[in-house]
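Structure data follow from structure_25.cif (mmCIF, C-alpha atoms and all ligand atoms):
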```cif
data_work
loop_
_atom_site.label_atom_id
_atom_site.label_comp_id
_atom_site.auth_asym_id
_atom_site.auth_seq_id
_atom_site.Cartn_x
_atom_site.Cartn_y
_atom_site.Cartn_z
CA MET A 461 86.86 110.41 109.96
CA SER A 462 89.74 109.55 107.60
CA GLN A 463 89.35 107.10 104.72
CA PRO A 464 90.11 103.57 105.87
CA ILE A 465 93.60 102.31 105.00
CA LEU A 466 92.12 98.80 104.88
CA SER A 467 88.58 97.74 104.28
CA VAL A 468 87.58 94.09 104.58
CA LYS A 469 84.20 93.10 103.19
CA ASN A 470 82.51 89.76 103.75
CA LEU A 471 85.84 87.92 103.70
CA THR A 472 85.72 84.12 103.72
CA LYS A 473 88.49 81.57 103.73
CA VAL A 474 87.90 77.87 103.25
CA TYR A 475 91.10 75.80 103.38
CA PRO A 476 91.53 72.97 100.85
CA ASN A 477 90.74 70.46 103.63
CA GLY A 478 87.28 72.02 103.96
CA VAL A 479 87.87 74.02 107.17
CA ALA A 480 85.97 77.32 106.98
CA ALA A 481 88.36 79.56 108.92
CA LEU A 482 86.69 82.90 108.07
CA LYS A 483 82.95 83.15 107.51
CA GLY A 484 82.11 86.59 106.15
CA VAL A 485 84.26 89.00 108.16
CA SER A 486 83.88 92.75 107.58
CA PHE A 487 85.69 95.66 109.23
CA ASP A 488 87.64 98.84 108.45
CA VAL A 489 91.05 99.91 109.69
CA HIS A 490 91.90 103.60 109.81
CA PRO A 491 95.39 105.08 109.37
CA GLY A 492 97.31 105.24 112.64
CA GLU A 493 95.19 102.70 114.51
CA PHE A 494 96.69 100.04 116.75
CA LEU A 495 94.05 97.41 116.07
CA VAL A 496 94.14 94.24 118.11
CA ILE A 497 92.52 90.97 117.01
CA ILE A 498 91.48 88.61 119.78
CA GLY A 499 89.71 85.26 119.94
CA LEU A 500 90.23 81.69 121.02
CA SER A 501 92.84 79.47 119.45
CA GLY A 502 91.49 78.42 116.05
CA SER A 503 89.10 81.37 115.73
CA GLY A 504 90.81 82.56 112.54
CA LYS A 505 93.14 85.36 113.70
CA SER A 506 96.25 84.19 111.82
CA THR A 507 94.19 83.29 108.76
CA LEU A 508 92.80 86.82 108.71
CA LEU A 509 96.23 88.48 108.95
CA ARG A 510 97.59 86.19 106.24
CA CYS A 511 94.70 86.94 103.90
CA LEU A 512 95.37 90.67 104.30
CA ASN A 513 98.84 90.42 102.76
CA ARG A 514 97.92 87.45 100.55
CA LEU A 515 100.14 84.87 102.24
CA HIS A 516 96.84 83.00 102.06
CA GLU A 517 94.35 83.37 99.23
CA PRO A 518 90.93 84.54 100.38
CA SER A 519 88.06 82.35 99.12
CA SER A 520 85.60 85.19 98.61
CA GLY A 521 84.91 88.74 99.71
CA GLU A 522 86.88 91.93 99.17
CA ILE A 523 90.00 93.54 100.62
CA TRP A 524 90.60 97.19 99.84
CA PHE A 525 93.96 98.78 100.64
CA ASN A 526 94.32 102.55 100.24
CA GLY A 527 91.34 102.59 97.91
CA GLU A 528 92.62 99.74 95.70
CA ARG A 529 90.97 96.34 95.60
CA VAL A 530 93.77 93.87 96.38
CA ASP A 531 92.11 90.51 97.14
CA SER A 532 92.79 89.20 93.66
CA VAL A 533 95.76 91.21 92.35
CA GLN A 534 98.57 89.04 90.99
CA GLY A 535 102.30 88.89 90.34
CA ASN A 536 104.41 91.93 91.19
CA ARG A 537 101.49 93.67 92.85
CA VAL A 538 101.27 90.84 95.41
CA ARG A 539 104.98 91.22 96.18
CA GLU A 540 104.56 94.95 96.50
CA LEU A 541 101.53 94.43 98.75
CA ARG A 542 103.59 92.21 101.06
CA ARG A 543 106.15 94.98 101.27
CA GLU A 544 103.48 97.55 102.12
CA LEU A 545 101.90 95.24 104.72
CA ALA A 546 104.97 93.93 106.55
CA MET A 547 104.61 91.05 108.99
CA ILE A 548 106.23 89.89 112.19
CA PHE A 549 105.72 86.45 113.71
CA GLN A 550 105.61 84.73 117.09
CA GLN A 551 108.84 82.84 116.30
CA PHE A 552 110.64 85.95 114.93
CA ASN A 553 111.74 84.07 111.74
CA LEU A 554 115.24 85.53 111.58
CA ILE A 555 118.03 83.80 109.68
CA PRO A 556 119.99 82.43 112.67
CA ARG A 557 123.51 82.42 111.23
CA HIS A 558 123.29 85.88 109.71
CA THR A 559 124.15 89.05 111.56
CA VAL A 560 121.47 91.31 112.94
CA LEU A 561 122.28 93.93 110.28
CA SER A 562 122.01 91.49 107.39
CA ASN A 563 118.70 90.21 108.77
CA VAL A 564 117.38 93.76 108.85
CA LEU A 565 118.66 94.42 105.32
CA MET A 566 116.60 91.40 104.17
CA GLY A 567 113.66 93.77 104.53
CA ARG A 568 115.03 95.62 101.50
CA LEU A 569 115.22 92.60 99.20
CA GLY A 570 111.69 93.05 97.89
CA SER A 571 112.59 96.46 96.53
CA THR A 572 116.02 95.60 95.06
CA SER A 573 116.44 93.88 91.73
CA THR A 574 117.00 90.12 91.83
CA PHE A 575 120.51 90.51 90.50
CA SER A 576 121.66 92.93 93.13
CA SER A 577 119.82 90.88 95.77
CA LEU A 578 121.85 87.86 94.77
CA MET A 579 125.01 89.89 94.94
CA SER A 580 124.02 91.13 98.40
CA MET A 581 124.66 94.64 97.19
CA PHE A 582 122.98 97.03 99.52
CA SER A 583 123.43 100.74 99.07
CA ALA A 584 124.87 103.03 101.70
CA LYS A 585 121.35 104.36 102.16
CA ASP A 586 120.00 100.84 102.75
CA ARG A 587 122.60 100.32 105.47
CA ALA A 588 121.98 103.70 107.04
CA ASP A 589 118.23 103.03 107.09
CA ALA A 590 118.78 99.59 108.63
CA MET A 591 120.93 101.12 111.37
CA ARG A 592 118.34 103.83 111.97
CA TYR A 593 115.62 101.20 112.50
CA LEU A 594 117.88 99.18 114.79
CA GLN A 595 118.39 102.35 116.77
CA LEU A 596 114.63 102.93 116.91
CA VAL A 597 114.18 99.56 118.62
CA GLY A 598 117.20 100.19 120.86
CA ILE A 599 119.45 97.45 119.56
CA GLN A 600 121.95 99.14 117.25
CA GLU A 601 124.92 97.91 119.29
CA LYS A 602 124.03 94.33 118.27
CA ALA A 603 124.26 95.03 114.53
CA LYS A 604 127.26 92.77 113.99
CA VAL A 605 126.16 89.97 116.31
CA ARG A 606 124.73 86.74 114.92
CA ALA A 607 120.95 86.63 115.26
CA ASP A 608 121.00 83.30 117.11
CA GLN A 609 123.05 84.88 119.89
CA LEU A 610 120.22 87.21 120.89
CA SER A 611 117.45 86.68 123.42
CA GLY A 612 113.90 86.22 122.18
CA GLY A 613 112.94 89.80 122.98
CA GLN A 614 115.99 91.13 121.15
CA GLN A 615 115.24 88.90 118.15
CA GLN A 616 111.70 90.24 117.96
CA ARG A 617 113.06 93.80 118.00
CA VAL A 618 115.33 92.85 115.07
CA ALA A 619 112.28 91.45 113.30
CA ILE A 620 110.49 94.77 113.83
CA ALA A 621 113.51 96.63 112.37
CA ARG A 622 113.53 94.24 109.40
CA ALA A 623 109.83 94.88 108.82
CA LEU A 624 110.43 98.66 108.99
CA CYS A 625 113.18 98.31 106.38
CA GLN A 626 110.40 97.34 103.95
CA ASN A 627 108.94 100.85 104.29
CA PRO A 628 105.53 99.42 105.13
CA LYS A 629 102.31 101.36 105.63
CA VAL A 630 100.88 98.65 107.86
CA LEU A 631 102.58 96.25 110.25
CA LEU A 632 100.85 92.91 110.78
CA ALA A 633 101.94 91.20 114.00
CA ASP A 634 100.86 87.60 114.63
CA GLU A 635 101.18 86.92 118.38
CA PRO A 636 104.42 88.93 118.52
CA VAL A 637 104.95 88.40 122.25
CA ALA A 638 103.52 84.91 122.78
CA SER A 639 107.00 83.36 123.16
CA LEU A 640 108.30 85.97 125.59
CA ASP A 641 108.25 86.39 129.36
CA PRO A 642 105.89 89.06 130.77
CA ALA A 643 108.52 91.77 131.27
CA THR A 644 109.94 91.29 127.78
CA CYS A 645 106.39 91.29 126.38
CA HIS A 646 106.04 94.88 127.52
CA THR A 647 109.39 95.95 126.10
CA VAL A 648 108.45 94.59 122.66
CA MET A 649 104.90 95.98 122.85
CA ASP A 650 106.33 99.39 123.84
CA TYR A 651 108.48 99.38 120.71
CA LEU A 652 105.47 98.47 118.58
CA ARG A 653 103.64 101.41 120.10
CA LYS A 654 106.61 103.66 119.37
CA VAL A 655 106.54 102.51 115.72
CA ASN A 656 102.83 103.23 115.65
CA ARG A 657 103.06 106.68 117.20
CA GLU A 658 106.38 108.01 115.93
CA LEU A 659 106.33 106.61 112.39
CA GLY A 660 102.55 106.67 112.03
CA ILE A 661 102.51 103.05 110.88
CA THR A 662 99.15 101.35 111.31
CA ILE A 663 99.39 98.20 113.38
CA ILE A 664 97.17 95.12 113.31
CA CYS A 665 98.19 92.70 116.02
CA ASN A 666 96.88 89.35 117.28
CA LEU A 667 97.14 89.06 121.05
CA HIS A 668 96.10 86.51 123.66
CA PHE A 669 96.25 88.52 126.89
CA LEU A 670 93.45 91.01 127.45
CA SER A 671 95.60 93.04 129.83
CA LEU A 672 97.96 93.74 126.89
CA VAL A 673 95.00 94.43 124.61
CA ARG A 674 93.71 97.07 127.03
CA GLU A 675 97.11 98.67 127.45
CA TYR A 676 98.17 98.87 123.81
CA GLY A 677 95.13 98.56 121.55
CA THR A 678 93.29 101.62 120.29
CA ARG A 679 90.51 99.34 119.03
CA VAL A 680 89.70 95.65 119.15
CA ILE A 681 87.97 93.15 116.93
CA ALA A 682 87.13 89.68 118.18
CA LEU A 683 86.69 86.51 116.14
CA ARG A 684 84.84 83.45 117.24
CA GLY A 685 84.59 80.42 114.96
CA GLY A 686 85.62 82.55 111.98
CA GLU A 687 82.99 85.23 112.61
CA LEU A 688 83.47 88.76 113.85
CA VAL A 689 81.64 88.94 117.17
CA TYR A 690 82.90 92.24 118.61
CA GLN A 691 84.42 95.48 117.51
CA GLY A 692 84.98 98.44 119.74
CA SER A 693 87.12 99.92 122.42
CA PRO A 694 89.29 97.62 124.58
CA SER A 695 87.83 99.19 127.71
CA GLU A 696 84.32 98.06 126.78
CA ILE A 697 85.14 94.36 126.97
CA ASN A 698 83.34 93.55 130.20
CA GLU A 699 82.59 90.10 131.64
CA ASP A 700 79.59 89.69 129.39
CA TRP A 701 81.59 90.33 126.25
CA PHE A 702 84.42 88.21 127.55
CA ALA A 703 82.04 85.24 127.83
CA ARG A 704 80.64 85.88 124.36
CA ILE A 705 84.11 86.08 122.83
CA TYR A 706 85.84 83.29 124.70
CA GLY A 707 82.88 81.15 125.70
CA GLU A 708 81.05 80.65 129.01
CA GLY A 709 83.37 79.44 131.73
CA ALA A 710 86.51 81.00 130.25
CA LYS A 711 88.63 82.84 132.81
CA GLU A 712 90.80 85.85 132.17
CA VAL A 713 94.51 85.27 132.74
CA HIS A 714 96.59 88.32 133.55
CA VAL A 715 100.07 89.19 132.42
CA ASN A 716 101.59 92.00 134.44
N1 LIG A 801 96.94 75.76 106.37
C1 LIG A 801 95.80 75.32 106.90
N2 LIG A 801 95.12 74.29 106.34
C2 LIG A 801 93.96 73.86 106.86
N3 LIG A 801 93.36 74.39 107.95
C3 LIG A 801 93.98 75.41 108.55
C4 LIG A 801 95.22 75.94 108.07
N4 LIG A 801 95.60 76.95 108.88
C5 LIG A 801 94.65 77.06 109.81
N5 LIG A 801 93.66 76.14 109.63
C6 LIG A 801 92.44 75.99 110.42
O1 LIG A 801 91.71 77.19 110.33
C7 LIG A 801 91.15 77.56 111.59
C8 LIG A 801 91.67 78.91 112.01
O2 LIG A 801 93.07 78.79 112.25
P1 LIG A 801 93.99 80.05 112.61
O3 LIG A 801 95.38 79.56 112.62
O4 LIG A 801 93.65 81.16 111.72
O5 LIG A 801 93.50 80.39 114.10
P2 LIG A 801 94.11 81.36 115.19
O6 LIG A 801 92.99 82.18 115.70
O7 LIG A 801 95.28 82.08 114.63
O8 LIG A 801 94.58 80.35 116.35
P3 LIG A 801 95.82 80.45 117.39
O9 LIG A 801 95.37 81.42 118.46
O10 LIG A 801 95.96 79.07 117.91
O11 LIG A 801 97.00 80.93 116.63
C9 LIG A 801 91.52 76.42 112.54
O12 LIG A 801 90.44 75.52 112.57
C10 LIG A 801 92.73 75.80 111.90
O13 LIG A 801 92.81 74.43 112.24
MG MG A 802 97.29 82.09 115.10
#
```
Starting from the file, give its structure as structure tokens.
Ligand SMILES: Nc1ncnc2c1ncn2[C@@H]1O[C@H](COP(=O)(O)OP(=O)(O)OP(=O)(O)O)[C@@H](O)[C@H]1O
Ligand SMILES: [Mg+2]
Amino acid sequence: MSQPILSVKNLTKVYPNGVAALKGVSFDVHPGEFLVIIGLSGSGKSTLLRCLNRLHEPSSGEIWFNGERVDSVQGNRVRELRRELAMIFQQFNLIPRHTVLSNVLMGRLGSTSTFSSLMSMFSAKDRADAMRYLQLVGIQEKAKVRADQLSGGQQQRVAIARALCQNPKVLLADEPVASLDPATCHTVMDYLRKVNRELGITIICNLHFLSLVREYGTRVIALRGGELVYQGSPSEINEDWFARIYGEGAKEVHVN
């Protein structure tokens, strides 16, 4: 098997208020995987994603990215790491009054100098790349429209294009479809799969609905109370595992 692109070893996160959100989590992610993280609300899924790109500081343990230990790198390397591990969010986080194209170009800011960022000077190549990514997510005709005039599903596709503009190796997606209706869920998930398969970008995605996990995930890890309680194939999550992951008495809800 290939070398892992990410290797997490005994990761813990204790928030300043004393909440232990991750209690010694270990797993590997291999290049090209579409890894899904599941678990009840509060089990630590977002904390885990945010530790991976250092939006949150891990308390202890190790994170290795492409063979480099990154859990305590500082300064420019952290910024670079956030470029290499791009993130999309449940609420899309676009700048509402800016056009779709300028939102996507924001993905380039990390790799432009501060001066040219301030001047909003993007090269012809930057613009061509941004349009190419908009095309990949099927929304190039909206390039000049203000972001707040798009539907939720369209906004999330713009957010994916913006993340791609960072030239990431990994895309972290924190409940990317939780604010969308079931049909739109699938459209957005299909584009994530396209990004995964056509661009070879590794995806790590938090999801709530097991039906989506089974359809899109190549592998699953489950957290419960900050501990890793399952890793394996989505198809192996039977009723027994479901109860162990979500607790006795939990019922599966389907999204079609
Ligand atoms: N900034 C913070 N400060 C203190 N505690 C936090 C912070 N963020 C999260 N927590 C706590 O850490 C635990 C894990 O939270 P986290 O947001 O990672 O869970 P989650 O699995 O993403 O939940 P959800 O499915 O609701 O998004 C929870 O107990 C939460 O209250
Ligand atoms: Mg969360």
Which of these residues is nearest to ligand MG 802 (chain A), using all atoms listed in the file: A:Leu640, A:Val648, A:Leu500, A:Leu515? A:Leu500
Could you pull out the residues sitting within 12 Å of ligand MG 802 (chain A), using only C-alpha atoms and all ligand atoms, and write them as a VMD selection string? chain A and resid 481 497 to 510 549 to 551 633 to 636 638 665 to 668 683
Can I get the selected residues back with C-alpha atoms, as a PDB file, in the frame of the given file?
```pdb
ATOM      1  CA  ALA A 481      88.360  79.560 108.920  1.00  0.00           C
ATOM      2  CA  ILE A 497      92.520  90.970 117.010  1.00  0.00           C
ATOM      3  CA  ILE A 498      91.480  88.610 119.780  1.00  0.00           C
ATOM      4  CA  GLY A 499      89.710  85.260 119.940  1.00  0.00           C
ATOM      5  CA  LEU A 500      90.230  81.690 121.020  1.00  0.00           C
ATOM      6  CA  SER A 501      92.840  79.470 119.450  1.00  0.00           C
ATOM      7  CA  GLY A 502      91.490  78.420 116.050  1.00  0.00           C
ATOM      8  CA  SER A 503      89.100  81.370 115.730  1.00  0.00           C
ATOM      9  CA  GLY A 504      90.810  82.560 112.540  1.00  0.00           C
ATOM     10  CA  LYS A 505      93.140  85.360 113.700  1.00  0.00           C
ATOM     11  CA  SER A 506      96.250  84.190 111.820  1.00  0.00           C
ATOM     12  CA  THR A 507      94.190  83.290 108.760  1.00  0.00           C
ATOM     13  CA  LEU A 508      92.800  86.820 108.710  1.00  0.00           C
ATOM     14  CA  LEU A 509      96.230  88.480 108.950  1.00  0.00           C
ATOM     15  CA  ARG A 510      97.590  86.190 106.240  1.00  0.00           C
ATOM     16  CA  PHE A 549     105.720  86.450 113.710  1.00  0.00           C
ATOM     17  CA  GLN A 550     105.610  84.730 117.090  1.00  0.00           C
ATOM     18  CA  GLN A 551     108.840  82.840 116.300  1.00  0.00           C
ATOM     19  CA  ALA A 633     101.940  91.200 114.000  1.00  0.00           C
ATOM     20  CA  ASP A 634     100.860  87.600 114.630  1.00  0.00           C
ATOM     21  CA  GLU A 635     101.180  86.920 118.380  1.00  0.00           C
ATOM     22  CA  PRO A 636     104.420  88.930 118.520  1.00  0.00           C
ATOM     23  CA  ALA A 638     103.520  84.910 122.780  1.00  0.00           C
ATOM     24  CA  CYS A 665      98.190  92.700 116.020  1.00  0.00           C
ATOM     25  CA  ASN A 666      96.880  89.350 117.280  1.00  0.00           C
ATOM     26  CA  LEU A 667      97.140  89.060 121.050  1.00  0.00           C
ATOM     27  CA  HIS A 668      96.100  86.510 123.660  1.00  0.00           C
ATOM     28  CA  LEU A 683      86.690  86.510 116.140  1.00  0.00           C
TER      29      LEU A 683
END
```
Counting all atoms listed in the file, which residues sit no farther than 7 Å from the position (118.4, 97.4, 114.4) in the file's frame? I'd like them as a PyMOL selection string. chain A and resi 560-561+564+590-595+597+599-600+603+618+621
Could those selected residues go to a file with C-alpha atoms, as a PDB file, keeping the file's coordinate frame?
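Contents of part.pdb, freshly written:
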```
ATOM      1  CA  VAL A 560     121.470  91.310 112.940  1.00  0.00           C
ATOM      2  CA  LEU A 561     122.280  93.930 110.280  1.00  0.00           C
ATOM      3  CA  VAL A 564     117.380  93.760 108.850  1.00  0.00           C
ATOM      4  CA  ALA A 590     118.780  99.590 108.630  1.00  0.00           C
ATOM      5  CA  MET A 591     120.930 101.120 111.370  1.00  0.00           C
ATOM      6  CA  ARG A 592     118.340 103.830 111.970  1.00  0.00           C
ATOM      7  CA  TYR A 593     115.620 101.200 112.500  1.00  0.00           C
ATOM      8  CA  LEU A 594     117.880  99.180 114.790  1.00  0.00           C
ATOM      9  CA  GLN A 595     118.390 102.350 116.770  1.00  0.00           C
ATOM     10  CA  VAL A 597     114.180  99.560 118.620  1.00  0.00           C
ATOM     11  CA  ILE A 599     119.450  97.450 119.560  1.00  0.00           C
ATOM     12  CA  GLN A 600     121.950  99.140 117.250  1.00  0.00           C
ATOM     13  CA  ALA A 603     124.260  95.030 114.530  1.00  0.00           C
ATOM     14  CA  VAL A 618     115.330  92.850 115.070  1.00  0.00           C
ATOM     15  CA  ALA A 621     113.510  96.630 112.370  1.00  0.00           C
TER      16      ALA A 621
END
```
Could you jot down the CA of Glu687 (chain A) to atom N3 of ligand LIG 801 (chain A) separation for me, Å, one decimal place?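 For CA of Glu687 (chain A) relative to atom N3 of ligand LIG 801 (chain A), the distance reads 15.7 Å.
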So how far away is CA of Pro518 (chain A) from CA of Asp531 (chain A), in Å? 6.9 Å
With only C-alpha atoms as the counted atoms, please give the residues lying no more than 9 Å from Arg704 (chain A), apart from itself and same-chain residues fewer than 3 positions off, as an NGL selection string. :A and (684 or 689-690 or 699-701 or 707-708)
Output file for the residues above (C-alpha atoms, as an mmCIF file, keeping the file's coordinate frame):
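Once everything was written out, this is selection_37.cif:
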```cif
data_model
loop_
_atom_site.group_PDB
_atom_site.id
_atom_site.type_symbol
_atom_site.label_atom_id
_atom_site.label_comp_id
_atom_site.auth_asym_id
_atom_site.auth_seq_id
_atom_site.Cartn_x
_atom_site.Cartn_y
_atom_site.Cartn_z
ATOM 1 C CA ARG A 684 84.840 83.450 117.240
ATOM 2 C CA VAL A 689 81.640 88.940 117.170
ATOM 3 C CA TYR A 690 82.900 92.240 118.610
ATOM 4 C CA GLU A 699 82.590 90.100 131.640
ATOM 5 C CA ASP A 700 79.590 89.690 129.390
ATOM 6 C CA TRP A 701 81.590 90.330 126.250
ATOM 7 C CA GLY A 707 82.880 81.150 125.700
ATOM 8 C CA GLU A 708 81.050 80.650 129.010
#
```
Counting all atoms listed in the file, the option among A:Leu631, A:Leu545, A:Ala710, A:Leu688 closest to ligand LIG 801 (chain A): A:Leu688
Selection near Ile661 (chain A), 6 Å with only C-alpha atoms, sequence-local residues under 5 positions removed, as a PyMOL selection string: chain A and resi 492+629-630+656
Give me, please, the distance in Å between CA of Arg529 (chain A) and CA of Ser693 (chain A), quoted to one decimal.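 Separation of CA of Arg529 (chain A) and CA of Ser693 (chain A): 27.3 Å.
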Which residue out of A:Asn553, A:Ala682, A:Ser467, A:Ala588 has the minimum interatomic distance to ligand LIG 801 (chain A) when only C-alpha atoms and all ligand atoms are used?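 For ligand LIG 801 (chain A), the nearest of the given residues is A:Ala682.
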For ligand LIG 801 (chain A), I'd like the enclosing box, axis-aligned and padded by 8 Å on every side, reported as JSON with centre and edge lengths in Å to one decimal.
```
{"center_x": 93.7, "center_y": 78.0, "center_z": 112.4, "size_x": 22.6, "size_y": 24.3, "size_z": 28.1}
```
Residue among A:Thr644, A:Asn477, A:Ser562, A:Gln463 lying closest to ligand LIG 801 (chain A), counting only C-alpha atoms and all ligand atoms: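 With only C-alpha atoms and all ligand atoms as the atom set, the closest residue is A:Asn477.
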Just checking: using only C-alpha atoms, which residue out of A:Ala607, A:Met581, A:Val680, A:Leu569 ends up closest to Pro556 (chain A)? A:Ala607
Need to verify the contact set: Ser462 (chain A), 10 Å, all atoms listed in the file, exclusion of same-chain residues closer than 3 positions in sequence. Can you return it as a ChimeraX atom specification? /A:465,489-491
Nearest to ligand LIG 801 (chain A) by atom-to-atom distance, counting only C-alpha atoms and all ligand atoms, from A:Leu541, A:Phe669, A:Phe487, A:Arg568: A:Phe669
What's around Val485 (chain A) at 8 Å? Count all atoms listed in the file, leave out sequence neighbours fewer than 5 positions away in its own chain, and write the answer as number ranges by chain. A: 468-472, 686-688
